[in-house]
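Structure data follow from my_file-v7.cif (mmCIF, C-alpha atoms):
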```
data_entry
loop_
_atom_site.group_PDB
_atom_site.id
_atom_site.type_symbol
_atom_site.label_atom_id
_atom_site.label_comp_id
_atom_site.auth_asym_id
_atom_site.auth_seq_id
_atom_site.Cartn_x
_atom_site.Cartn_y
_atom_site.Cartn_z
ATOM 1 C CA MET A 1 112.305 29.313 -35.074
ATOM 2 C CA LEU A 2 113.005 25.769 -33.948
ATOM 3 C CA LEU A 3 115.074 23.843 -36.460
ATOM 4 C CA PRO A 4 115.605 20.071 -36.416
ATOM 5 C CA PHE A 5 119.292 20.162 -35.476
ATOM 6 C CA SER A 6 120.330 17.417 -33.104
ATOM 7 C CA LYS A 7 120.810 19.911 -30.223
ATOM 8 C CA ILE A 8 120.241 23.596 -29.627
ATOM 9 C CA ARG A 9 120.959 25.722 -26.578
ATOM 10 C CA VAL A 10 117.991 27.150 -24.663
ATOM 11 C CA TYR A 11 117.750 29.391 -21.608
ATOM 12 C CA HIS A 12 115.474 30.022 -18.642
ATOM 13 C CA GLY A 13 115.711 33.344 -16.800
ATOM 14 C CA THR A 14 114.759 33.358 -13.124
ATOM 15 C CA ASN A 15 116.146 34.276 -9.712
ATOM 16 C CA LEU A 16 118.965 32.360 -8.034
ATOM 17 C CA PHE A 17 116.616 30.859 -5.430
ATOM 18 C CA SER A 18 114.487 29.159 -8.106
ATOM 19 C CA ALA A 19 117.550 28.194 -10.135
ATOM 20 C CA MET A 20 119.097 26.408 -7.158
ATOM 21 C CA ILE A 21 115.852 24.524 -6.488
ATOM 22 C CA ILE A 22 115.822 23.349 -10.120
ATOM 23 C CA LYS A 23 119.490 22.395 -9.874
ATOM 24 C CA GLN A 24 118.923 20.385 -6.691
ATOM 25 C CA TYR A 25 115.485 18.841 -7.312
ATOM 26 C CA GLY A 26 114.876 19.100 -11.044
ATOM 27 C CA ILE A 27 111.975 20.795 -12.804
ATOM 28 C CA TRP A 28 108.691 20.418 -10.921
ATOM 29 C CA LEU A 29 106.275 20.553 -13.821
ATOM 30 C CA THR A 30 103.229 20.047 -11.596
ATOM 31 C CA LEU A 31 104.020 23.280 -9.716
ATOM 32 C CA GLN A 32 104.183 25.527 -12.789
ATOM 33 C CA ARG A 33 101.514 28.181 -13.258
ATOM 34 C CA LYS A 34 98.501 27.082 -15.283
ATOM 35 C CA THR A 35 97.263 30.353 -16.808
ATOM 36 C CA THR A 36 100.191 31.240 -19.076
ATOM 37 C CA ASP A 37 100.501 31.707 -22.858
ATOM 38 C CA PHE A 38 100.847 28.005 -23.654
ATOM 39 C CA GLY A 39 99.507 26.524 -20.425
ATOM 40 C CA LYS A 40 101.229 24.809 -17.530
ATOM 41 C CA GLY A 41 104.801 24.208 -18.595
ATOM 42 C CA PHE A 42 108.455 25.016 -18.112
ATOM 43 C CA TYR A 43 109.324 27.913 -20.416
ATOM 44 C CA VAL A 44 112.648 28.344 -22.189
ATOM 45 C CA THR A 45 113.872 30.358 -25.159
ATOM 46 C CA PRO A 46 116.750 30.029 -27.617
ATOM 47 C CA THR A 47 117.235 33.819 -27.285
ATOM 48 C CA ILE A 48 119.735 34.516 -24.510
ATOM 49 C CA ASN A 49 119.054 38.269 -24.214
ATOM 50 C CA GLN A 50 115.371 37.566 -23.668
ATOM 51 C CA ALA A 51 116.170 35.068 -20.882
ATOM 52 C CA LEU A 52 118.498 37.605 -19.286
ATOM 53 C CA GLN A 53 115.696 40.181 -19.259
ATOM 54 C CA TRP A 54 113.419 37.638 -17.564
ATOM 55 C CA ALA A 55 116.136 36.938 -14.983
ATOM 56 C CA ARG A 56 116.308 40.636 -14.166
ATOM 57 C CA GLU A 57 112.504 40.857 -13.867
ATOM 58 C CA LYS A 58 112.209 37.743 -11.691
ATOM 59 C CA SER A 59 114.867 39.025 -9.294
ATOM 60 C CA LYS A 60 113.021 42.342 -8.908
ATOM 61 C CA ASN A 61 109.563 40.828 -8.504
ATOM 62 C CA SER A 62 109.385 37.184 -7.551
ATOM 63 C CA PRO A 63 105.905 36.271 -6.325
ATOM 64 C CA ILE A 64 105.630 33.505 -3.781
ATOM 65 C CA ASN A 65 104.680 30.111 -5.148
ATOM 66 C CA LYS A 66 102.819 28.767 -2.122
ATOM 67 C CA LYS A 67 103.189 25.148 -3.250
ATOM 68 C CA ILE A 68 106.981 25.406 -3.488
ATOM 69 C CA VAL A 69 107.269 27.225 -0.163
ATOM 70 C CA LYS A 70 105.160 24.500 1.440
ATOM 71 C CA LEU A 71 107.237 21.678 -0.109
ATOM 72 C CA LEU A 72 110.402 23.321 1.186
ATOM 73 C CA ALA A 73 108.830 23.813 4.647
ATOM 74 C CA MET A 74 109.535 27.547 4.516
ATOM 75 C CA SER A 75 107.442 30.466 5.622
ATOM 76 C CA ASN A 76 106.468 33.218 3.199
ATOM 77 C CA ALA A 77 108.671 35.609 5.154
ATOM 78 C CA GLU A 78 111.683 33.275 4.873
ATOM 79 C CA TYR A 79 111.203 33.185 1.113
ATOM 80 C CA GLU A 80 110.710 36.948 0.776
ATOM 81 C CA HIS A 81 113.864 37.709 2.775
ATOM 82 C CA HIS A 82 116.058 34.988 1.288
ATOM 83 C CA PRO A 83 119.022 36.742 -0.378
ATOM 84 C CA TYR A 84 118.882 34.470 -3.448
ATOM 85 C CA THR A 85 115.406 35.733 -4.432
ATOM 86 C CA LYS A 86 116.952 39.120 -5.360
ATOM 87 C CA ILE A 87 119.807 37.737 -7.482
ATOM 88 C CA PRO A 88 119.116 37.203 -11.202
ATOM 89 C CA ALA A 89 120.106 33.803 -12.596
ATOM 90 C CA LEU A 90 120.272 32.168 -15.990
ATOM 91 C CA ILE A 91 119.789 28.448 -16.510
ATOM 92 C CA GLN A 92 121.264 27.057 -19.701
ATOM 93 C CA PHE A 93 120.301 23.702 -21.226
ATOM 94 C CA ASP A 94 121.017 21.657 -24.309
ATOM 95 C CA LEU A 95 117.745 20.683 -25.979
ATOM 96 C CA ASN A 96 117.634 17.506 -28.055
ATOM 97 C CA MET A 97 115.558 18.708 -30.999
ATOM 98 C CA PHE A 98 115.399 15.332 -32.700
ATOM 99 C CA GLN A 99 113.884 13.800 -29.557
ATOM 100 C CA LEU A 100 111.550 16.762 -28.976
ATOM 101 C CA LEU A 101 110.166 16.770 -32.513
ATOM 102 C CA LEU A 102 109.123 13.123 -32.121
ATOM 103 C CA LEU A 103 106.652 14.260 -29.440
ATOM 104 C CA HIS A 104 103.162 15.737 -29.834
ATOM 105 C CA GLY A 105 103.750 19.455 -30.246
ATOM 106 C CA LEU A 106 102.763 22.704 -31.894
ATOM 107 C CA ILE A 107 105.134 25.102 -33.619
ATOM 108 C CA PHE A 108 103.487 28.424 -34.404
ATOM 109 C CA PRO A 109 105.099 30.815 -36.876
ATOM 110 C CA LEU A 110 106.553 34.001 -35.425
ATOM 111 C CA PRO A 111 105.228 37.447 -36.445
ATOM 112 C CA ASP A 112 108.163 38.057 -38.824
ATOM 113 C CA ASN A 113 107.332 34.861 -40.747
ATOM 114 C CA PRO A 114 105.341 35.220 -44.010
ATOM 115 C CA LEU A 115 102.922 32.579 -42.656
ATOM 116 C CA TRP A 116 102.065 34.702 -39.607
ATOM 117 C CA ASN A 117 98.977 36.517 -40.960
ATOM 118 C CA PRO A 118 96.879 33.394 -41.595
ATOM 119 C CA TYR A 119 97.886 31.978 -38.187
ATOM 120 C CA GLU A 120 97.625 35.077 -35.988
ATOM 121 C CA ARG A 121 93.972 34.584 -35.029
ATOM 122 C CA GLN A 122 94.519 30.868 -34.307
ATOM 123 C CA VAL A 123 97.518 31.647 -32.084
ATOM 124 C CA ALA A 124 95.584 34.420 -30.303
ATOM 125 C CA ASN A 125 92.633 32.095 -29.614
ATOM 126 C CA PHE A 126 95.001 29.397 -28.341
ATOM 127 C CA VAL A 127 96.822 31.807 -26.007
ATOM 128 C CA TYR A 128 93.547 33.277 -24.743
ATOM 129 C CA SER A 129 92.230 29.769 -23.969
ATOM 130 C CA CYS A 130 95.417 28.784 -22.128
ATOM 131 C CA ARG A 131 95.436 32.016 -20.125
ATOM 132 C CA SER A 132 91.834 31.240 -19.172
ATOM 133 C CA GLY A 133 92.905 27.897 -17.662
ATOM 134 C CA TRP A 134 92.242 25.512 -20.571
ATOM 135 C CA ALA A 135 94.408 22.384 -20.344
ATOM 136 C CA HIS A 136 95.723 20.866 -23.574
ATOM 137 C CA ALA A 137 97.494 17.582 -24.344
ATOM 138 C CA TYR A 138 100.557 18.902 -26.199
ATOM 139 C CA ASP A 139 104.022 17.931 -25.012
ATOM 140 C CA PHE A 140 105.507 21.213 -26.225
ATOM 141 C CA ILE A 141 104.520 24.467 -27.915
ATOM 142 C CA PHE A 142 106.727 27.066 -29.582
ATOM 143 C CA GLY A 143 105.598 30.544 -30.581
ATOM 144 C CA PRO A 144 105.663 34.268 -29.845
ATOM 145 C CA ILE A 145 105.116 35.817 -26.439
ATOM 146 C CA GLY A 146 101.682 37.383 -26.067
ATOM 147 C CA THR A 147 100.273 40.087 -23.823
ATOM 148 C CA PHE A 148 96.752 41.369 -23.326
ATOM 149 C CA HIS A 149 95.857 44.567 -25.143
ATOM 150 C CA TYR A 150 95.708 47.570 -22.812
ATOM 151 C CA THR A 151 92.246 48.758 -23.846
ATOM 152 C CA ILE A 152 90.592 45.942 -25.808
ATOM 153 C CA PRO A 153 89.502 43.026 -23.577
ATOM 154 C CA LYS A 154 90.361 39.527 -24.811
ATOM 155 C CA LYS A 155 92.705 40.868 -27.526
ATOM 156 C CA ILE A 156 96.214 39.411 -27.521
ATOM 157 C CA ILE A 157 99.197 41.369 -28.872
ATOM 158 C CA PHE A 158 102.281 39.393 -29.905
ATOM 159 C CA SER A 159 105.896 40.417 -29.528
ATOM 160 C CA GLN A 160 107.730 40.931 -32.789
ATOM 161 C CA THR A 161 111.024 39.804 -31.258
ATOM 162 C CA LYS A 162 110.373 37.478 -28.292
ATOM 163 C CA ASN A 163 109.675 33.757 -28.550
ATOM 164 C CA GLN A 164 109.075 30.955 -26.093
ATOM 165 C CA LEU A 165 109.122 27.188 -25.939
ATOM 166 C CA SER A 166 106.806 25.656 -23.378
ATOM 167 C CA LEU A 167 107.717 22.138 -22.264
ATOM 168 C CA ASN A 168 104.356 20.818 -21.062
ATOM 169 C CA SER A 169 105.099 17.166 -20.291
ATOM 170 C CA GLU A 170 107.735 15.103 -18.531
ATOM 171 C CA LYS A 171 108.660 13.614 -21.927
ATOM 172 C CA ALA A 172 109.448 17.117 -23.177
ATOM 173 C CA ILE A 173 111.376 18.000 -19.996
ATOM 174 C CA HIS A 174 113.546 14.912 -20.566
ATOM 175 C CA CYS A 175 114.726 16.435 -23.857
ATOM 176 C CA LEU A 176 116.783 18.897 -21.770
ATOM 177 C CA SER A 177 120.322 18.039 -20.661
ATOM 178 C CA ASN A 178 123.619 19.582 -19.524
ATOM 179 C CA MET A 179 122.028 22.132 -17.202
ATOM 180 C CA GLN A 180 124.266 24.988 -16.056
ATOM 181 C CA VAL A 181 123.259 27.734 -13.639
ATOM 182 C CA PHE A 182 124.792 31.194 -13.890
ATOM 183 C CA SER A 183 124.483 33.764 -11.113
ATOM 184 C CA LEU A 184 124.266 37.297 -12.464
ATOM 185 C CA SER A 185 125.255 40.431 -10.612
ATOM 186 C CA ALA A 186 122.694 43.211 -10.313
ATOM 187 C CA ASN A 187 124.658 45.184 -12.946
ATOM 188 C CA PHE A 188 125.439 42.191 -15.102
ATOM 189 C CA GLN A 189 126.639 42.472 -18.661
ATOM 190 C CA TYR A 190 125.300 39.957 -21.169
ATOM 191 C CA ASP A 191 128.748 38.434 -21.612
ATOM 192 C CA GLN A 192 129.688 38.186 -17.916
ATOM 193 C CA PHE A 193 128.282 35.182 -16.056
ATOM 194 C CA GLN A 194 129.402 33.400 -12.925
ATOM 195 C CA THR A 195 128.738 29.644 -12.875
ATOM 196 C CA VAL A 196 127.070 28.297 -9.734
#
```

Encoding of this model in structure tokens:
Amino acid sequence: MLLPFSKIRVYHGTNLFSAMIIKQYGIWLTLQRKTTDFGKGFYVTPTINQALQWAREKSKNSPINKKIVKLLAMSNAEYEHHPYTKIPALIQFDLNMFQLLLLHGLIFPLPDNPLWNPYERQVANFVYSCRSGWAHAYDFIFGPIGTFHYTIPKKIIFSQTKNQLSLNSEKAIHCLSNMQVFSLSANFQYDQFQTV
């Protein structure tokens, strides 16, 4: 859950190629995917182990973002064969919660919260709409990670343990500071990072 402390630490798991682009150029909000749980945004989590799992996944399967490849004047083949696309990376930020909570946002309860049951349908409808391409005007959204049900179309199942914070506007992105990039070995341990 997001608490109104002055700063909290949040993480973004990716591959080293994407991490180095963010380090050099900043977060390109306009190039983020649109059909995600909370819409087009830059996703972080306060849960480090979750971000590390995402880093591992992104280094194993990193689809080509044609807009980024074009901006960097690379070919698809150059991206696919770039050694940094196969290296997991963790980006760590400080998030100014006081500043963030002054913005227009939504904070959904998580499934382990007693308030979850009355909100579950609302969260599911919101996620389904965003995954269908609906654009909203929120600066940020916090809530559980959802996935589609395997056999029931349009049904969303929520993780009991994984959460996400979507930063959907430049104002929200500016609440991040002190970025650090950590390169992770293929057999990384959660407590062994190498700063880049």

Next item on the list: Identify all residues satisfying the PyMOL selection byres ((chain A and resi 81-93) around 6) in the given file; provide them as an MDAnalysis selection string.
Entry: chainID A and resid 9:17 55:56 59 78:80 94 176:184

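Distances here use all atoms listed in the file; by that measure, the residue among A:Arg121, A:Lys67, A:Lys58, A:Arg131 closest to Thr36 (chain A) is A:Arg131.
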
- Chain and number of each residue from the PyMOL selection byres ((chain A and resi 108) around 10), as a ChimeraX atom specification: /A:1-2,105-107,109-111,113,115-116,119-120,122-123,141-144

(Q) Report as a PyMOL selection string all protein, DNA and RNA residues lying within 12 Å of Thr147 (chain A), evaluated on all atoms listed in the file, omitting residues in the same chain fewer than 2 positions from it. (A) chain A and resi 36-37+124+127-128+131+144-145+149-160+162

Spatial neighbours of Ile173 (chain A), 9 Å, only C-alpha atoms, chain gap at least 5 places, as a PyMOL selection string: chain A and resi 27+29+42+139+167-168

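Residues of protein, DNA and RNA with at least one atom no farther than 7 Å from (109.5, 28.0, -27.2) are, using all atoms listed in the file, Tyr43, Val44, Thr45, Ile141, Phe142, Gly143, Asn163, Gln164, Leu165 and Ser166 of chain A.
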
Taken to one decimal, the CA of Cys175 (chain A)-CA of Gln99 (chain A) distance is 6.3 Å

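Here CA of Leu103 (chain A) and CA of Pro46 (chain A) stand 18.8 Å from one another.
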